[in-house]
file my_file-v2.csv (CSV, C-alpha atoms)
chain,number,residue,atom,x,y,z
A,714,MET,CA,21.2,2.6,0.4
A,715,VAL,CA,18.1,0.4,0.2
A,716,ASN,CA,15.5,1.9,-2.2
A,717,ILE,CA,11.7,1.6,-1.9
A,718,VAL,CA,9.2,2.6,-4.5
A,719,VAL,CA,5.6,3.1,-3.2
A,720,LEU,CA,2.5,2.7,-5.3
A,721,ILE,CA,-0.6,4.5,-4.2
A,722,SER,CA,-4.1,5.4,-5.5
A,723,GLY,CA,-5.5,7.8,-2.8
A,724,SER,CA,-5.0,9.8,0.3
A,725,GLY,CA,-1.8,8.1,1.2
A,726,THR,CA,-2.1,7.5,5.0
A,727,ASN,CA,-0.3,4.2,4.7
A,728,LEU,CA,2.4,5.9,2.6
A,729,GLN,CA,2.6,8.5,5.4
A,730,ALA,CA,3.2,5.8,8.0
A,731,ILE,CA,6.3,4.9,6.0
A,732,LEU,CA,7.4,8.5,5.7
A,733,ASP,CA,7.0,9.1,9.4
A,734,SER,CA,9.3,6.2,10.1
A,735,LEU,CA,12.2,7.6,8.0
A,736,PRO,CA,14.8,9.5,10.2
A,737,HIS,CA,16.1,11.5,7.2
A,738,HIS,CA,12.8,13.0,6.0
A,739,GLN,CA,10.8,15.7,7.7
A,740,SER,CA,7.1,15.4,6.8
A,741,SER,CA,4.7,18.3,6.7
A,742,THR,CA,1.7,15.9,7.0
A,743,PRO,CA,2.5,13.4,9.8
A,744,LEU,CA,-0.1,11.0,11.1
A,745,PRO,CA,-1.7,11.8,14.5
A,746,LEU,CA,-0.7,8.4,15.8
A,747,LYS,CA,3.0,7.8,15.9
A,748,SER,CA,4.4,4.3,15.5
A,749,SER,CA,7.3,3.1,17.6
A,750,GLU,CA,8.6,1.4,14.5
A,751,LYS,CA,11.5,3.3,12.8
A,752,LEU,CA,13.4,2.5,9.6
A,753,PRO,CA,17.2,2.9,9.6
A,754,GLU,CA,19.1,5.6,7.7
A,755,SER,CA,19.9,3.1,5.0
A,756,VAL,CA,16.2,2.9,3.8
A,757,ASN,CA,15.2,5.5,1.2
A,758,VAL,CA,11.8,6.0,-0.5
A,759,LYS,CA,13.0,6.6,-4.0
A,760,ALA,CA,9.7,7.5,-5.6
A,761,VAL,CA,5.9,7.5,-5.1
A,762,ILE,CA,3.9,6.5,-8.2
A,763,SER,CA,0.1,7.0,-8.3
A,764,SER,CA,-2.6,5.4,-10.5
A,765,LYS,CA,-4.6,8.6,-10.1
A,766,SER,CA,-3.8,12.3,-10.4
A,767,ASN,CA,-4.8,14.9,-7.8
A,768,VAL,CA,-4.7,12.6,-4.8
A,769,TYR,CA,-3.4,13.7,-1.5
A,770,GLY,CA,-0.8,11.0,-1.3
A,771,LEU,CA,1.2,12.8,-4.0
A,772,GLU,CA,1.2,15.9,-1.8
A,773,ARG,CA,2.5,14.0,1.1
A,774,ALA,CA,5.5,12.9,-0.9
A,775,LYS,CA,6.1,16.4,-2.4
A,776,GLY,CA,5.7,18.0,1.1
A,777,CYS,CA,8.6,16.0,2.6
A,778,THR,CA,11.9,17.6,3.2
A,779,PRO,CA,13.7,16.6,1.1
A,780,ALA,CA,10.8,16.1,-1.3
A,781,ILE,CA,10.3,12.6,-2.8
A,782,PRO,CA,9.9,12.3,-6.5
A,783,THR,CA,6.4,11.5,-7.8
A,784,GLN,CA,4.8,10.2,-11.0
A,785,VAL,CA,1.3,9.5,-12.2
A,786,LEU,CA,0.3,6.7,-14.5
A,787,ALA,CA,-3.4,6.6,-14.8
A,788,LEU,CA,-4.8,3.7,-16.9
A,789,LYS,CA,-7.5,5.7,-18.7
A,790,THR,CA,-5.2,8.6,-19.5
A,791,TYR,CA,-2.5,6.3,-20.7
A,792,MET,CA,-4.9,4.4,-23.0
A,793,ASN,CA,-6.4,7.7,-24.3
A,794,ARG,CA,-2.9,9.0,-25.1
A,795,ASN,CA,-1.9,5.7,-26.8
A,796,PRO,CA,-4.7,4.6,-29.1
A,797,GLY,CA,-4.9,0.9,-29.5
A,798,SER,CA,-3.0,0.2,-26.3
A,799,THR,CA,-4.1,-2.4,-23.7
A,800,ARG,CA,-4.1,-2.7,-20.0
A,801,GLN,CA,-1.0,-5.0,-20.4
A,802,ASP,CA,0.7,-2.2,-22.2
A,803,TRP,CA,-0.1,0.0,-19.2
A,804,GLU,CA,1.4,-2.5,-16.9
A,805,VAL,CA,4.6,-2.8,-19.0
A,806,GLU,CA,4.9,1.0,-18.8
A,807,LEU,CA,4.3,0.9,-15.1
A,808,SER,CA,7.0,-1.7,-14.7
A,809,ARG,CA,9.4,0.4,-16.8
A,810,ILE,CA,8.8,3.4,-14.5
A,811,VAL,CA,9.2,1.4,-11.4
A,812,ASN,CA,12.4,-0.3,-12.6
A,813,SER,CA,13.9,3.0,-13.6
A,814,TYR,CA,14.2,3.8,-9.8
A,815,GLU,CA,16.1,0.5,-9.2
A,816,PRO,CA,14.1,-0.5,-6.2
A,817,ASP,CA,15.0,-3.2,-3.7
A,818,LEU,CA,11.3,-3.3,-2.6
A,819,ILE,CA,8.0,-2.2,-4.1
A,820,VAL,CA,5.2,-1.4,-1.6
A,821,LEU,CA,1.6,-1.2,-2.6
A,822,ALA,CA,0.1,1.2,-0.1
A,823,GLY,CA,-3.5,1.7,-1.0
A,824,PHE,CA,-2.9,0.9,-4.6
A,825,MET,CA,-6.2,0.0,-6.1
A,826,MET,CA,-5.2,-1.6,-9.3
A,827,ILE,CA,-4.8,-5.4,-9.7
A,828,LEU,CA,-1.4,-6.3,-11.1
A,829,SER,CA,-1.1,-9.2,-13.5
A,830,PRO,CA,1.9,-11.4,-14.3
A,831,THR,CA,2.7,-8.9,-17.0
A,832,PHE,CA,3.8,-6.5,-14.3
A,833,LEU,CA,4.9,-9.0,-11.7
A,834,ASN,CA,7.3,-10.8,-14.1
A,835,ALA,CA,8.9,-7.6,-15.3
A,836,ILE,CA,10.2,-6.5,-11.9
A,837,HIS,CA,13.3,-8.7,-12.0
A,838,GLY,CA,12.5,-10.7,-9.0
A,839,LYS,CA,12.3,-7.8,-6.6
A,840,PRO,CA,9.8,-8.3,-3.7
A,841,ILE,CA,6.4,-6.7,-4.0
A,842,ILE,CA,4.3,-6.4,-0.9
A,843,ASN,CA,0.7,-5.2,-0.3
A,844,LEU,CA,-1.2,-4.0,2.7
A,845,HIS,CA,-4.7,-5.5,2.9
A,846,PRO,CA,-7.4,-4.7,5.6
A,847,ALA,CA,-8.4,-8.2,6.3
A,848,LEU,CA,-7.0,-11.4,7.8
A,849,PRO,CA,-5.5,-14.1,5.4
A,850,GLY,CA,-8.1,-15.8,3.4
A,851,ALA,CA,-10.9,-13.5,4.5
A,852,PHE,CA,-12.5,-10.8,2.4
A,853,ASP,CA,-10.0,-10.7,-0.4
A,854,GLY,CA,-10.3,-7.8,-2.8
A,855,ALA,CA,-12.2,-4.5,-2.6
A,856,HIS,CA,-14.4,-3.3,0.3
A,857,ALA,CA,-12.9,-5.7,2.8
A,858,ILE,CA,-13.7,-3.5,5.8
A,859,GLU,CA,-17.3,-3.1,4.9
A,860,ARG,CA,-17.7,-6.8,4.2
A,861,ALA,CA,-16.1,-7.7,7.5
A,862,TYR,CA,-18.5,-5.3,9.4
A,863,ASP,CA,-21.5,-6.8,7.7
A,864,ALA,CA,-20.3,-10.3,8.5
A,865,TYR,CA,-19.9,-9.3,12.2
A,866,LYS,CA,-23.4,-7.9,12.2
A,867,LYS,CA,-24.7,-11.2,10.9
A,868,GLY,CA,-22.8,-13.1,13.7
A,869,GLU,CA,-20.4,-14.7,11.2
A,870,ILE,CA,-17.2,-13.3,12.7
A,871,LYS,CA,-16.0,-11.9,16.0
A,872,ASN,CA,-12.9,-10.1,14.9
A,873,THR,CA,-11.1,-8.9,11.8
A,874,GLY,CA,-7.7,-7.6,11.1
A,875,CYS,CA,-5.1,-6.6,8.5
A,876,MET,CA,-2.0,-8.0,7.0
A,877,VAL,CA,1.1,-7.2,4.9
A,878,HIS,CA,1.6,-10.0,2.3
A,879,TYR,CA,3.7,-10.7,-0.8
A,880,VAL,CA,1.9,-9.9,-4.1
A,881,ILE,CA,1.1,-12.8,-6.4
A,882,PRO,CA,-1.3,-13.0,-9.4
A,883,GLU,CA,-4.1,-14.2,-7.0
A,884,VAL,CA,-5.5,-11.2,-5.3
A,885,ASP,CA,-4.6,-10.9,-1.6
A,886,ARG,CA,-3.5,-14.6,-1.6
A,887,GLY,CA,0.3,-14.1,-1.3
A,888,GLU,CA,2.2,-15.3,1.7
A,889,PRO,CA,1.5,-13.2,4.8
A,890,ILE,CA,4.5,-11.3,6.2
A,891,VAL,CA,2.8,-9.5,9.2
A,892,ILE,CA,-0.7,-10.3,10.5
A,893,ALA,CA,-2.6,-8.3,13.1
A,894,GLU,CA,-6.0,-9.1,14.5
A,895,VAL,CA,-8.3,-6.2,15.3
A,896,PRO,CA,-11.2,-6.9,17.7
A,897,ILE,CA,-14.7,-5.7,16.8
A,898,LYS,CA,-16.5,-4.1,19.7
A,899,GLU,CA,-20.3,-4.4,20.3
A,900,ASP,CA,-20.8,-0.7,20.0
A,901,ASP,CA,-18.6,-0.3,17.0
A,902,SER,CA,-19.9,1.7,14.0
A,903,LEU,CA,-18.3,1.0,10.6
A,904,ASP,CA,-16.3,4.2,11.0
A,905,SER,CA,-15.0,3.4,14.5
A,906,MET,CA,-14.0,-0.1,13.4
A,907,GLU,CA,-12.4,1.2,10.2
A,908,ASN,CA,-10.4,3.8,12.2
A,909,ARG,CA,-9.0,1.1,14.4
A,910,ILE,CA,-8.0,-1.1,11.4
A,911,HIS,CA,-6.3,1.9,9.8
A,912,GLU,CA,-4.3,2.7,12.9
A,913,THR,CA,-3.2,-0.9,13.0
A,914,GLU,CA,-2.2,-0.8,9.3
A,915,TRP,CA,0.0,2.2,10.0
A,916,LYS,CA,2.0,0.0,12.4
A,917,ILE,CA,2.3,-3.2,10.4
A,918,ILE,CA,3.2,-1.6,7.1
A,919,VAL,CA,6.5,-0.4,8.6
A,920,GLN,CA,7.0,-3.8,10.3
A,921,GLY,CA,6.5,-5.5,6.9
A,922,VAL,CA,9.0,-3.3,5.2
A,923,LYS,CA,11.6,-4.0,8.0
A,924,LYS,CA,11.0,-7.7,7.8
A,925,VAL,CA,11.3,-8.0,4.1
A,926,LEU,CA,14.4,-5.8,3.9
A,927,ASN,CA,15.8,-7.4,7.0
A,928,VAL,CA,16.7,-4.1,8.5
call {"tool": "encode", "arguments": {"input": "my_file-v2.csv", "output": "structure tokens"}}
result
Amino acid sequence: MVNIVVLISGSGTNLQAILDSLPHHQSSTPLPLKSSEKLPESVNVKAVISSKSNVYGLERAKGCTPAIPTQVLALKTYMNRNPGSTRQDWEVELSRIVNSYEPDLIVLAGFMMILSPTFLNAIHGKPIINLHPALPGAFDGAHAIERAYDAYKKGEIKNTGCMVHYVIPEVDRGEPIVIAEVPIKEDDSLDSMENRIHETEWKIIVQGVKKVLNV
């Protein structure tokens, strides 16, 4: 069995794309758009870990049959419960939790926390990949879709896209694994462009998992 741990911070649609691709899980919250990409029986989502409580991504994992184990490690809560602790201490604890599931791959699927070498060096060389809604070298970091839309309106770009890439200390600068361009239409609103990017993300995150695991 090949084990994946998925890290999330929100509604979990990109997590859902992975869940929908698993032949041995029945999801109660499938996406409206089905991807043709499927993962083999040998791939297992061992756990979903969130940096926030009360997010719908946790319900997606719990609502699967069989259910997927979940944990929450919120930075503020951790530091309140451990006076004098630092963000690095939080990352050490996060790495401990992740390593306890013995993953072959860690997937950041809408995980909104930047991970430093404190975490990256504690994962024993296991690959860590991230899904980012922009093309390589463009709009690194937060609010990438909004920034791309503004750039289009200013005539600076004609299309955008998304990618799955390896995680390194430099935010969104790791080696790309899967890249997909997304055209911007003249009559696009921010919402319509964003929806098209998300639909593309749901496809490439599964492609990225398959490529890294070579399955």
call {"tool": "atom_distance", "arguments": {"input": "my_file-v2.csv", "atom1": "CA of Ile819 in chain A", "atom2": "CA of Ala861 in chain A"}}
result
27.3 Å
call {"tool": "residues_around", "arguments": {"input": "my_file-v2.csv", "residues": "Pro743 in chain A", "least_positions_apart": "6", "cutoff": "9 Å", "atoms": "all atoms listed in the file", "output": "ChimeraX atom specification"}}
result
/A:726,729-730,732-733,773
call {"tool": "closest_residue", "arguments": {"input": "my_file-v2.csv", "among": "A:Leu828, A:Met792, A:Ile910, A:Val922", "to": "Asp885 in chain A", "atoms": "all atoms listed in the file"}}
result
A:Leu828
call {"tool": "atom_distance", "arguments": {"input": "my_file-v2.csv", "atom1": "CA of Ile892 in chain A", "atom2": "CA of Val756 in chain A"}}
result
22.5 Å
call {"tool": "decode", "arguments": {"input": "my_file-v2.csv", "residues": "range 771-797 of chain A", "atoms": "C-alpha atoms", "output": "tab-separated table (two decimals), in the first residue's frame"}}
result
chain	number	residue	atom	x	y	z
A	771	LEU	CA	-12.47	17.69	7.45
A	772	GLU	CA	-16.10	16.70	6.86
A	773	ARG	CA	-15.20	15.44	3.40
A	774	ALA	CA	-12.65	13.05	4.92
A	775	LYS	CA	-14.95	11.96	7.75
A	776	GLY	CA	-17.83	11.45	5.31
A	777	CYS	CA	-16.00	8.89	3.21
A	778	THR	CA	-16.77	5.20	3.47
A	779	PRO	CA	-14.53	4.02	5.02
A	780	ALA	CA	-13.83	7.28	6.87
A	781	ILE	CA	-10.37	8.83	6.65
A	782	PRO	CA	-8.69	9.83	9.94
A	783	THR	CA	-8.42	13.57	10.53
A	784	GLN	CA	-6.43	15.82	12.85
A	785	VAL	CA	-6.29	19.56	13.45
A	786	LEU	CA	-3.15	21.46	14.37
A	787	ALA	CA	-3.92	25.17	14.40
A	788	LEU	CA	-0.93	27.44	14.98
A	789	LYS	CA	-2.66	29.89	17.34
A	790	THR	CA	-4.29	27.13	19.38
A	791	TYR	CA	-1.01	25.25	19.65
A	792	MET	CA	0.88	28.32	20.86
A	793	ASN	CA	-1.87	29.18	23.36
A	794	ARG	CA	-1.73	25.68	24.78
A	795	ASN	CA	2.08	25.70	24.88
A	796	PRO	CA	3.20	29.03	26.37
A	797	GLY	CA	6.59	30.12	25.14
